[in-house]
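What follows is the content of run.cif (mmCIF, C-alpha atoms and all ligand atoms).
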data_final
#
loop_
_atom_site.label_atom_id
_atom_site.label_comp_id
_atom_site.auth_asym_id
_atom_site.auth_seq_id
_atom_site.Cartn_x
_atom_site.Cartn_y
_atom_site.Cartn_z
CA MET A 25 25.87 3.34 5.23
CA ILE A 26 25.78 6.08 7.86
CA PRO A 27 23.09 8.74 7.43
CA ALA A 28 23.88 12.43 7.42
CA GLU A 29 23.36 14.21 10.73
CA PHE A 30 19.80 15.01 11.77
CA GLU A 31 17.87 16.22 14.79
CA TYR A 32 15.35 13.82 16.28
CA HIS A 33 11.98 15.05 17.59
CA VAL A 34 9.29 13.02 19.33
CA ALA A 35 5.80 14.18 18.42
CA GLN A 36 3.36 13.88 21.35
CA SER A 37 0.23 14.21 19.22
CA VAL A 38 -0.81 14.65 15.59
CA ASP A 39 -1.13 18.41 16.20
CA ASP A 40 2.38 18.43 17.67
CA ALA A 41 3.71 16.54 14.61
CA ILE A 42 2.09 19.06 12.27
CA ALA A 43 3.47 21.99 14.31
CA LEU A 44 6.99 20.48 14.35
CA MET A 45 6.80 19.99 10.60
CA GLN A 46 5.75 23.62 10.09
CA GLN A 47 8.61 24.74 12.32
CA HIS A 48 11.28 22.74 10.47
CA GLY A 49 9.80 22.97 6.96
CA ASN A 50 11.21 21.29 3.87
CA ASP A 51 14.19 19.83 5.73
CA ALA A 52 12.02 17.66 8.00
CA LYS A 53 10.44 14.24 7.51
CA PHE A 54 7.97 12.18 9.50
CA LEU A 55 9.33 8.88 10.82
CA ALA A 56 7.02 5.88 11.17
CA GLY A 57 8.50 2.35 11.11
CA GLY A 58 11.64 3.65 9.40
CA HIS A 59 11.92 0.69 7.05
CA SER A 60 11.84 2.79 3.90
CA LEU A 61 13.08 6.11 5.24
CA LEU A 62 16.16 4.91 7.13
CA PRO A 63 17.58 2.82 4.24
CA THR A 64 17.25 5.83 1.91
CA MET A 65 18.94 8.02 4.53
CA LYS A 66 21.77 5.52 4.93
CA LEU A 67 22.25 5.59 1.16
CA ARG A 68 22.06 9.40 1.41
CA MET A 69 19.26 9.45 -1.14
CA ALA A 70 17.34 11.36 1.54
CA GLN A 71 19.06 13.76 3.92
CA PRO A 72 16.42 15.29 6.19
CA THR A 73 17.92 17.50 8.87
CA HIS A 74 14.97 16.85 11.22
CA LEU A 75 13.08 13.60 11.86
CA ILE A 76 9.67 13.85 13.53
CA ASP A 77 8.85 10.50 15.11
CA LEU A 78 5.17 9.56 14.99
CA GLY A 79 5.79 6.37 16.97
CA ARG A 80 4.94 7.74 20.42
CA ILE A 81 1.61 9.28 19.44
CA THR A 82 -1.04 7.29 21.23
CA GLY A 83 -4.17 6.61 19.24
CA LEU A 84 -2.67 6.16 15.78
CA SER A 85 -2.53 2.36 15.96
CA TYR A 86 -5.90 0.57 15.87
CA ILE A 87 -8.24 -1.57 13.78
CA ARG A 88 -11.93 -0.81 14.35
CA GLU A 89 -15.27 -1.75 12.87
CA VAL A 90 -17.36 1.38 12.48
CA GLY A 91 -20.68 0.45 10.84
CA ASP A 92 -19.97 -0.64 7.27
CA THR A 93 -16.35 0.49 7.49
CA VAL A 94 -13.13 -0.87 8.92
CA THR A 95 -10.80 1.91 10.03
CA VAL A 96 -7.08 1.36 10.46
CA GLY A 97 -4.79 3.85 12.22
CA ALA A 98 -1.81 4.94 10.13
CA MET A 99 0.75 3.62 12.63
CA THR A 100 -0.73 0.13 12.66
CA THR A 101 2.08 -2.29 11.89
CA TYR A 102 1.99 -5.03 9.29
CA VAL A 103 2.11 -7.71 11.95
CA THR A 104 -0.92 -6.25 13.74
CA LEU A 105 -2.87 -6.26 10.47
CA GLN A 106 -1.71 -9.79 9.72
CA ARG A 107 -3.01 -11.05 13.08
CA SER A 108 -6.33 -9.18 13.07
CA ASP A 109 -9.54 -11.22 12.90
CA ILE A 110 -11.45 -8.15 11.64
CA ILE A 111 -9.05 -7.83 8.71
CA ALA A 112 -9.00 -11.58 7.96
CA GLN A 113 -12.81 -11.79 7.96
CA ASN A 114 -13.28 -8.87 5.58
CA PHE A 115 -10.20 -8.52 3.39
CA ALA A 116 -8.44 -11.86 2.84
CA LEU A 117 -5.89 -10.31 0.48
CA LEU A 118 -4.39 -8.05 3.18
CA PRO A 119 -2.94 -10.70 5.55
CA GLU A 120 -2.03 -12.75 2.48
CA GLY A 121 -0.10 -9.91 0.82
CA ILE A 122 1.37 -8.61 4.06
CA SER A 123 2.74 -12.02 5.03
CA GLU A 124 5.03 -11.76 1.99
CA ILE A 125 6.40 -8.30 2.74
CA GLY A 126 10.14 -8.27 3.47
CA ASP A 127 10.98 -10.31 6.54
CA GLN A 128 9.67 -10.54 10.12
CA GLN A 129 11.63 -7.49 11.25
CA VAL A 130 10.15 -5.37 8.46
CA ARG A 131 6.65 -6.63 9.26
CA ASN A 132 7.15 -5.91 12.96
CA ARG A 133 8.09 -2.28 12.40
CA GLY A 134 6.62 -1.23 9.02
CA THR A 135 3.29 0.61 9.11
CA ILE A 136 0.38 0.84 6.71
CA GLY A 137 0.55 4.65 6.79
CA GLY A 138 4.29 4.67 6.09
CA SER A 139 3.94 2.33 3.13
CA VAL A 140 1.03 4.29 1.63
CA ALA A 141 2.82 7.64 2.16
CA HIS A 142 6.07 6.33 0.67
CA SER A 143 4.29 4.88 -2.37
CA ASP A 144 7.16 2.75 -3.57
CA PRO A 145 6.18 1.39 -7.01
CA ALA A 146 7.31 -2.12 -5.98
CA ALA A 147 5.51 -2.06 -2.60
CA ASP A 148 2.57 -4.34 -1.88
CA THR A 149 0.30 -2.30 0.40
CA PRO A 150 -0.48 0.60 -1.96
CA GLY A 151 -1.81 -1.85 -4.56
CA MET A 152 -3.99 -3.64 -2.01
CA VAL A 153 -5.28 -0.33 -0.63
CA LEU A 154 -6.14 0.76 -4.18
CA ALA A 155 -7.85 -2.55 -5.05
CA LEU A 156 -9.98 -2.26 -1.90
CA ARG A 157 -10.95 1.28 -2.97
CA ALA A 158 -9.88 2.58 0.44
CA THR A 159 -9.97 6.17 1.63
CA ILE A 160 -6.87 7.85 3.02
CA VAL A 161 -7.50 10.29 5.86
CA THR A 162 -4.96 13.06 6.46
CA ARG A 163 -4.45 16.02 8.74
CA GLY A 164 -2.29 19.03 8.03
CA PRO A 165 -1.90 22.75 8.63
CA ASP A 166 -5.15 23.35 6.68
CA GLY A 167 -7.16 20.69 8.52
CA ALA A 168 -8.36 17.19 7.70
CA ARG A 169 -8.92 15.67 4.25
CA THR A 170 -10.22 12.37 2.92
CA ILE A 171 -8.73 11.20 -0.37
CA SER A 172 -9.88 8.19 -2.36
CA ALA A 173 -7.08 5.74 -3.13
CA ASP A 174 -7.92 6.27 -6.82
CA ASN A 175 -6.79 9.89 -6.45
CA PHE A 176 -3.97 9.34 -3.97
CA PHE A 177 -1.18 7.57 -5.89
CA LYS A 178 0.09 10.09 -8.44
CA ASP A 179 3.45 8.98 -9.82
CA LEU A 180 6.79 7.46 -8.86
CA PHE A 181 7.03 7.96 -5.05
CA GLU A 182 4.50 10.77 -5.50
CA THR A 183 1.16 11.01 -3.73
CA ASP A 184 -1.57 13.56 -3.19
CA LEU A 185 -0.14 14.39 0.27
CA LYS A 186 0.42 18.12 0.70
CA PRO A 187 3.49 19.48 2.52
CA GLY A 188 3.14 18.93 6.26
CA GLU A 189 0.20 16.53 6.03
CA VAL A 190 0.13 13.37 8.16
CA ILE A 191 -1.83 10.27 7.19
CA THR A 192 -3.91 9.45 10.25
CA GLU A 193 -6.17 6.64 9.05
CA ILE A 194 -7.00 4.31 6.18
CA ARG A 195 -10.72 3.48 5.78
CA PHE A 196 -11.94 0.33 4.08
CA ALA A 197 -15.58 -0.23 3.14
CA LYS A 198 -16.68 -3.70 4.23
CA PRO A 199 -17.09 -5.95 1.19
CA ALA A 200 -20.48 -6.71 -0.36
CA PRO A 201 -21.78 -10.27 0.11
CA ARG A 202 -20.11 -12.88 -2.13
CA THR A 203 -16.91 -10.85 -2.45
CA GLY A 204 -13.51 -12.52 -2.46
CA SER A 205 -10.02 -11.08 -2.69
CA ALA A 206 -6.50 -12.36 -3.28
CA TYR A 207 -2.96 -11.07 -3.75
CA GLU A 208 -0.30 -12.63 -5.95
CA LYS A 209 3.22 -11.47 -6.63
CA LEU A 210 6.38 -12.42 -8.35
CA ALA A 211 8.72 -11.38 -5.56
CA ASN A 212 12.26 -10.17 -5.75
CA LYS A 213 14.09 -13.09 -4.13
CA ALA A 214 16.24 -10.87 -1.88
CA SER A 215 13.95 -8.07 -0.67
CA HIS A 216 10.55 -9.62 -1.46
CA TYR A 217 9.40 -6.38 -3.14
CA ALA A 218 7.05 -7.05 -6.07
CA VAL A 219 8.67 -7.40 -9.49
CA VAL A 220 5.02 -7.67 -10.52
CA GLY A 221 2.08 -8.07 -8.17
CA CYS A 222 -1.68 -8.18 -8.52
CA ALA A 223 -4.42 -7.42 -6.01
CA ALA A 224 -7.87 -8.65 -7.05
CA VAL A 225 -11.28 -8.11 -5.44
CA ILE A 226 -14.20 -9.92 -7.09
CA THR A 227 -17.92 -9.79 -6.30
CA GLN A 228 -20.35 -12.32 -7.78
CA ASP A 229 -24.13 -12.70 -7.72
CA GLY A 230 -25.99 -15.84 -6.61
CA SER A 231 -25.54 -17.48 -9.99
CA GLY A 232 -21.78 -16.87 -10.12
CA VAL A 233 -21.82 -13.90 -12.48
CA CYS A 234 -19.18 -11.27 -11.69
CA THR A 235 -20.93 -8.04 -10.68
CA ALA A 236 -17.87 -6.01 -9.66
CA ALA A 237 -14.12 -6.37 -10.14
CA SER A 238 -11.19 -4.39 -8.84
CA VAL A 239 -7.83 -5.47 -10.23
CA VAL A 240 -4.60 -3.59 -9.53
CA ILE A 241 -1.13 -4.21 -10.93
CA THR A 242 1.90 -3.28 -8.79
CA GLY A 243 5.62 -3.35 -9.44
CA ALA A 244 5.29 -3.23 -13.23
CA SER A 245 4.90 0.52 -13.53
CA VAL A 246 5.67 3.76 -11.67
CA LYS A 247 2.64 3.44 -9.40
CA PRO A 248 -0.04 0.91 -8.53
CA THR A 249 -2.54 0.99 -11.39
CA ARG A 250 -6.10 -0.25 -11.83
CA ALA A 251 -6.27 -2.66 -14.76
CA SER A 252 -9.51 -1.18 -16.10
CA ALA A 253 -9.55 -3.32 -19.26
CA VAL A 254 -9.30 -6.47 -17.14
CA GLU A 255 -12.07 -5.29 -14.82
CA ALA A 256 -14.34 -4.52 -17.78
CA ALA A 257 -13.67 -7.96 -19.29
CA LEU A 258 -14.76 -9.69 -16.06
CA VAL A 259 -17.95 -7.85 -15.12
CA GLY A 260 -21.14 -9.48 -16.37
CA LYS A 261 -19.50 -12.86 -17.00
CA LYS A 262 -19.27 -16.20 -15.23
CA LEU A 263 -15.64 -16.48 -14.26
CA ASP A 264 -14.45 -19.76 -15.77
CA ALA A 265 -10.78 -20.33 -16.55
CA ALA A 266 -11.06 -19.17 -20.18
CA THR A 267 -12.84 -15.92 -19.25
CA ILE A 268 -10.28 -15.13 -16.55
CA ALA A 269 -7.36 -15.88 -18.88
CA GLU A 270 -8.85 -13.70 -21.63
CA ALA A 271 -9.48 -10.85 -19.18
CA ALA A 272 -5.99 -11.12 -17.66
CA SER A 273 -4.43 -10.91 -21.14
CA HIS A 274 -5.43 -7.19 -21.12
CA ALA A 275 -3.52 -6.42 -17.90
CA ALA A 276 -0.56 -4.70 -19.53
CA HIS A 277 -2.88 -2.53 -21.61
CA GLY A 278 -1.99 1.16 -21.11
CA LEU A 279 0.74 0.44 -18.54
CA GLU A 280 4.12 2.08 -19.11
CA MET A 281 6.35 -0.78 -17.91
CA VAL A 282 9.49 -0.10 -15.90
CA ALA A 283 12.71 -2.02 -16.51
CA ASP A 284 15.53 -2.73 -14.04
CA ILE A 285 17.95 -5.50 -13.11
CA HIS A 286 15.03 -7.56 -11.81
CA GLY A 287 13.08 -7.64 -15.07
CA SER A 288 12.84 -6.12 -18.54
CA LYS A 289 9.70 -4.34 -19.79
CA GLU A 290 8.82 -7.40 -21.87
CA TYR A 291 9.21 -9.77 -18.91
CA ARG A 292 7.09 -7.52 -16.70
CA ALA A 293 4.42 -7.27 -19.41
CA GLN A 294 4.27 -11.07 -19.54
CA MET A 295 4.15 -11.42 -15.74
CA ALA A 296 1.47 -8.70 -15.64
CA THR A 297 -0.85 -11.20 -17.32
CA VAL A 298 0.17 -14.20 -15.18
CA MET A 299 -0.30 -12.58 -11.73
CA PRO A 300 -3.88 -11.34 -12.38
CA LYS A 301 -4.89 -14.73 -13.75
CA ARG A 302 -3.84 -16.32 -10.46
CA ALA A 303 -5.21 -13.58 -8.21
CA ILE A 304 -8.59 -13.35 -9.98
CA THR A 305 -8.99 -17.13 -9.96
CA ARG A 306 -8.44 -17.33 -6.20
CA ALA A 307 -10.53 -14.21 -5.46
CA ALA A 308 -13.42 -15.70 -7.48
CA GLU A 309 -13.12 -19.00 -5.60
CA ARG A 310 -13.39 -17.10 -2.31
CA ALA A 311 -16.33 -14.95 -3.47
C1 LIG B 401 14.74 -5.33 3.77
C2 LIG B 401 13.42 -4.71 3.41
C3 LIG B 401 12.53 -5.43 2.65
C4 LIG B 401 11.29 -4.87 2.31
N1 LIG B 401 10.43 -5.60 1.55
C5 LIG B 401 9.22 -5.08 1.22
C6 LIG B 401 8.29 -5.84 0.48
O1 LIG B 401 8.49 -7.00 0.12
N2 LIG B 401 7.11 -5.24 0.16
C7 LIG B 401 6.80 -3.96 0.56
O2 LIG B 401 5.72 -3.48 0.27
N3 LIG B 401 7.67 -3.22 1.29
C8 LIG B 401 8.87 -3.76 1.64
N4 LIG B 401 9.73 -3.01 2.39
C9 LIG B 401 9.38 -1.62 2.79
C10 LIG B 401 8.54 -1.63 4.05
O3 LIG B 401 7.27 -2.15 3.75
C11 LIG B 401 8.42 -0.24 4.71
O4 LIG B 401 8.17 -0.46 6.04
C12 LIG B 401 7.30 0.64 4.25
O5 LIG B 401 7.43 0.85 2.89
C13 LIG B 401 7.34 2.02 4.93
O6 LIG B 401 6.63 2.00 6.16
P1 LIG B 401 7.35 2.59 7.46
O7 LIG B 401 6.33 2.60 8.53
O8 LIG B 401 8.60 1.85 7.72
O9 LIG B 401 7.62 4.11 7.01
P2 LIG B 401 8.93 5.02 7.11
O10 LIG B 401 10.08 4.35 6.48
O11 LIG B 401 9.11 5.50 8.50
O12 LIG B 401 8.45 6.27 6.22
C14 LIG B 401 8.36 6.16 4.82
C15 LIG B 401 7.96 7.52 4.25
O13 LIG B 401 6.62 7.83 4.58
C16 LIG B 401 6.53 9.03 5.36
N5 LIG B 401 5.52 8.75 6.38
C17 LIG B 401 5.51 7.70 7.25
N6 LIG B 401 4.37 7.69 7.96
C18 LIG B 401 3.65 8.75 7.54
C19 LIG B 401 2.37 9.27 7.89
N7 LIG B 401 1.58 8.67 8.80
N8 LIG B 401 1.93 10.38 7.26
C20 LIG B 401 2.68 10.98 6.31
N9 LIG B 401 3.90 10.54 5.94
C21 LIG B 401 4.38 9.43 6.54
C22 LIG B 401 7.94 9.26 5.90
O14 LIG B 401 8.19 10.63 6.11
C23 LIG B 401 8.79 8.69 4.79
O15 LIG B 401 8.92 9.65 3.76
C24 LIG B 401 10.97 -3.55 2.75
C25 LIG B 401 11.87 -2.83 3.55
C26 LIG B 401 13.08 -3.40 3.87
C27 LIG B 401 14.03 -2.61 4.73
#
Reformat the file's structure so that it appears as structure tokens.
Amino acid sequence: MIPAEFEYHVAQSVDDAIALMQQHGNDAKFLAGGHSLLPTMKLRMAQPTHLIDLGRITGLSYIREVGDTVTVGAMTTYVTLQRSDIIAQNFALLPEGISEIGDQQVRNRGTIGGSVAHSDPAADTPGMVLALRATIVTRGPDGARTISADNFFKDLFETDLKPGEVITEIRFAKPAPRTGSAYEKLANKASHYAVVGCAAVITQDGSGVCTAASVVITGASVKPTRASAVEAALVGKKLDAATIAEAASHAAHGLEMVADIHGSKEYRAQMATVMPKRAITRAAERA
């Protein structure tokens, strides 16, 4: 459980981090909260020879309202998000989902940018970011980019990040009126990672008809995935229990389930219908 030797660098600014990464190339990694990177280094699944710490860069940790958008700095910790009134007022699923991540120590140190960059298939934040249709803002040797969450999560631990790019910010559009959101997961009892999770964001009109739905399944597959068939089965309908159950029954549609010691493909497929039913029901109640 001791990592291989590495050199530690403190980045003073985002530009400095990018320059250090260019200098040390493929052997270097950015360090945020360290709660995914350091365990993999201790297991020697990752052996970077240089770590570039983003933790001392001022100005990467914030939650701001900017017009119709809420912007969150990449180094904002889970606990800061969990305690934010701006987040609670706009995106109920975020503090709800974050409160179930790991333990207090993980929530104290883990960052939204680190979780999104790492893109662990069993992580909670990527699914919530995707369900909220957020935008990921990056900076790298070729300048800044904005990437929609729909285009960001590519495959198992694989994102649209280019070599040397730093995530600087996550942008969330404020929800339309009568929008509610919720997060549900079947958690691994030891780590609290999602065996299967569901993030749901539901918008209704004045008569209770669903006008927009964003439903994402996590943990069941190699990456967080929009349950498009579920979304389509919700829009245009009044969300009573039967409609929600029928829609949720499509959640496993098109998902290539993973299997491990925590659950078989069949078990995950079954749970992939249970979690959305619960999440959609609560999101609709909040809408
Ligand atoms: C015991 C334990 C239990 C956990 N349980 C859960 C759980 O229930 N649910 C859950 O979702 N997660 C869980 N986690 C993981 C945790 O959420 C991590 O903190 C998170 O996945 C990574 O965020 P970090 O800030 O620690 O990133 P780090 O570990 O520092 O970095 C992770 C990766 O992202 C890269 N990176 C970091 N920041 C940036 C950036 N700004 N730009 C570009 N690349 C970057 C790093 O180079 C590294 O490759 C658990 C972790 C532990 C140790």
* Using only C-alpha atoms, which residues sit within 10 Å of region 207-211 of chain A once same-chain residues fewer than 2 positions away are excluded, as JSON, numbers by chain? -> {"A": [116, 117, 118, 119, 120, 121, 122, 124, 125, 126, 146, 148, 151, 152, 155, 205, 213, 214, 215, 216, 217, 218, 219, 220, 221, 222, 223, 224, 225, 239, 240, 241, 242, 243, 286, 292, 295, 296, 298, 299, 300, 301, 302, 303, 304, 306, 307]}
Write the residues of the preceding selection, restricted to C-alpha atoms, as a compact mmCIF listing (two decimals), in the coordinates of the input.
# COMPACT_ATOMS: atom_id res chain seq x y z
CA ALA A 116 -8.44 -11.86 2.84
CA LEU A 117 -5.89 -10.31 0.48
CA LEU A 118 -4.39 -8.05 3.18
CA PRO A 119 -2.94 -10.70 5.55
CA GLU A 120 -2.03 -12.75 2.48
CA GLY A 121 -0.10 -9.91 0.82
CA ILE A 122 1.37 -8.61 4.06
CA GLU A 124 5.03 -11.76 1.99
CA ILE A 125 6.40 -8.30 2.74
CA GLY A 126 10.14 -8.27 3.47
CA ALA A 146 7.31 -2.12 -5.98
CA ASP A 148 2.57 -4.34 -1.88
CA GLY A 151 -1.81 -1.85 -4.56
CA MET A 152 -3.99 -3.64 -2.01
CA ALA A 155 -7.85 -2.55 -5.05
CA SER A 205 -10.02 -11.08 -2.69
CA LYS A 213 14.09 -13.09 -4.13
CA ALA A 214 16.24 -10.87 -1.88
CA SER A 215 13.95 -8.07 -0.67
CA HIS A 216 10.55 -9.62 -1.46
CA TYR A 217 9.40 -6.38 -3.14
CA ALA A 218 7.05 -7.05 -6.07
CA VAL A 219 8.67 -7.40 -9.49
CA VAL A 220 5.02 -7.67 -10.52
CA GLY A 221 2.08 -8.07 -8.17
CA CYS A 222 -1.68 -8.18 -8.52
CA ALA A 223 -4.42 -7.42 -6.01
CA ALA A 224 -7.87 -8.65 -7.05
CA VAL A 225 -11.28 -8.11 -5.44
CA VAL A 239 -7.83 -5.47 -10.23
CA VAL A 240 -4.60 -3.59 -9.53
CA ILE A 241 -1.13 -4.21 -10.93
CA THR A 242 1.90 -3.28 -8.79
CA GLY A 243 5.62 -3.35 -9.44
CA HIS A 286 15.03 -7.56 -11.81
CA ARG A 292 7.09 -7.52 -16.70
CA MET A 295 4.15 -11.42 -15.74
CA ALA A 296 1.47 -8.70 -15.64
CA VAL A 298 0.17 -14.20 -15.18
CA MET A 299 -0.30 -12.58 -11.73
CA PRO A 300 -3.88 -11.34 -12.38
CA LYS A 301 -4.89 -14.73 -13.75
CA ARG A 302 -3.84 -16.32 -10.46
CA ALA A 303 -5.21 -13.58 -8.21
CA ILE A 304 -8.59 -13.35 -9.98
CA ARG A 306 -8.44 -17.33 -6.20
CA ALA A 307 -10.53 -14.21 -5.46
Provide an axis-aligned box for all listed atoms of ligand LIG 401 (chain B), padding each side by 3 Å; report its centre and its edge lengths in Å to one decimal, as JSON.
{"center_x": 8.2, "center_y": 2.0, "center_z": 4.5, "size_x": 19.2, "size_y": 24.0, "size_z": 14.7}
* **Site check for ligand LIG 401 (chain B): residues at most 7 Å away, only C-alpha atoms and all ligand atoms, as JSON, numbers by chain** => {"A": [53, 54, 55, 56, 57, 58, 59, 60, 61, 62, 63, 98, 99, 124, 125, 126, 127, 130, 133, 134, 135, 136, 137, 138, 139, 141, 142, 144, 146, 147, 148, 149, 189, 190, 191, 192, 215, 216, 217, 218]}
* To do: Quick one: pull the distance between CA of Ser245 (chain A) and CA of Pro187 (chain A), Å, one decimal.
  =>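 About the pair CA of Ser245 (chain A) and CA of Pro187 (chain A): they are 24.9 Å apart.
CA of Ser85 (chain A) lies 14.0 Å from CA of Gln36 (chain A).
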* Top pick for closest residue to Gln113 (chain A), considering A:Ala253, A:Val94, A:Ala265, A:Ile285 and counting all atoms listed in the file ->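 Of the candidates, the smallest distance to Gln113 (chain A) is held by A:Val94.
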* **Separation of CA of Arg107 (chain A) from CA of Ala311 (chain A), in Å and rounded to one decimal** =>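 One can read the CA of Arg107 (chain A) to CA of Ala311 (chain A) distance as 21.6 Å.
Near Pro72 (chain A), within 8 Å and counting all atoms listed in the file, sit Phe30, Asp51, Ala52, Lys53, Met65 and Leu75 of chain A, not including residues fewer than 3 positions from it in the same chain.
Closest approach to Gln128 (chain A) from the set A:Gln228, A:Thr183, A:Thr82, A:Thr101 is made by A:Thr101, with distances taken over all atoms listed in the file.
Take the candidates A:Ile194, A:His33, A:Val254, A:Leu44 and check each one against His274 (chain A) using all atoms listed in the file; the shortest distance goes to A:Val254.
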* Top pick for closest residue to Asp39 (chain A), considering A:Gln71, A:Gly164, A:Ile110, A:Ser273 and counting only C-alpha atoms -> A:Gly164
* Structure fact -> With distances taken over only C-alpha atoms, the candidate from A:Cys234, A:Leu180, A:Leu258, A:Ala158 nearest Glu280 (chain A) is A:Leu180
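With all atoms listed in the file as the basis for measurement, A:Val246 is the residue among A:Val246, A:Ala200, A:Leu84, A:Ala266 that approaches Phe181 (chain A) most closely.
Within 12 Å of the point (-5.7, 16.0, 4.4), and counting all atoms listed in the file, the protein, DNA and RNA residues are Ile42, Thr159, Ile160, Val161, Thr162, Arg163, Gly164, Pro165, Asp166, Gly167, Ala168, Arg169, Thr170, Ile171, Ser172, Phe176, Thr183, Asp184, Leu185, Lys186, Pro187, Gly188, Glu189, Val190, Ile191, Thr192, Glu193 and Ile194 of chain A.
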* To do: Skip Lys289 (chain A) itself and residues of its chain fewer than 6 positions away, then list as a VMD selection string all residues within 9 Å of it, counting all atoms listed in the file.
  => chain A and resid 244 280 to 283
Include C-alpha atoms and write out the residues we just selected as a PDB file, in the coordinates of the input.
ATOM      1  CA  ALA A 244       5.290  -3.230 -13.230  1.00  0.00           C
ATOM      2  CA  GLU A 280       4.120   2.080 -19.110  1.00  0.00           C
ATOM      3  CA  MET A 281       6.350  -0.780 -17.910  1.00  0.00           C
ATOM      4  CA  VAL A 282       9.490  -0.100 -15.900  1.00  0.00           C
ATOM      5  CA  ALA A 283      12.710  -2.020 -16.510  1.00  0.00           C
TER       6      ALA A 283
END
* Would you mind listing what lies within 9 Å of Ala236 (chain A) as an MDAnalysis selection string, with all atoms listed in the file counted and same-chain residues fewer than 5 positions away left out? => chainID A and resid 203 225:228 255:256 258:260
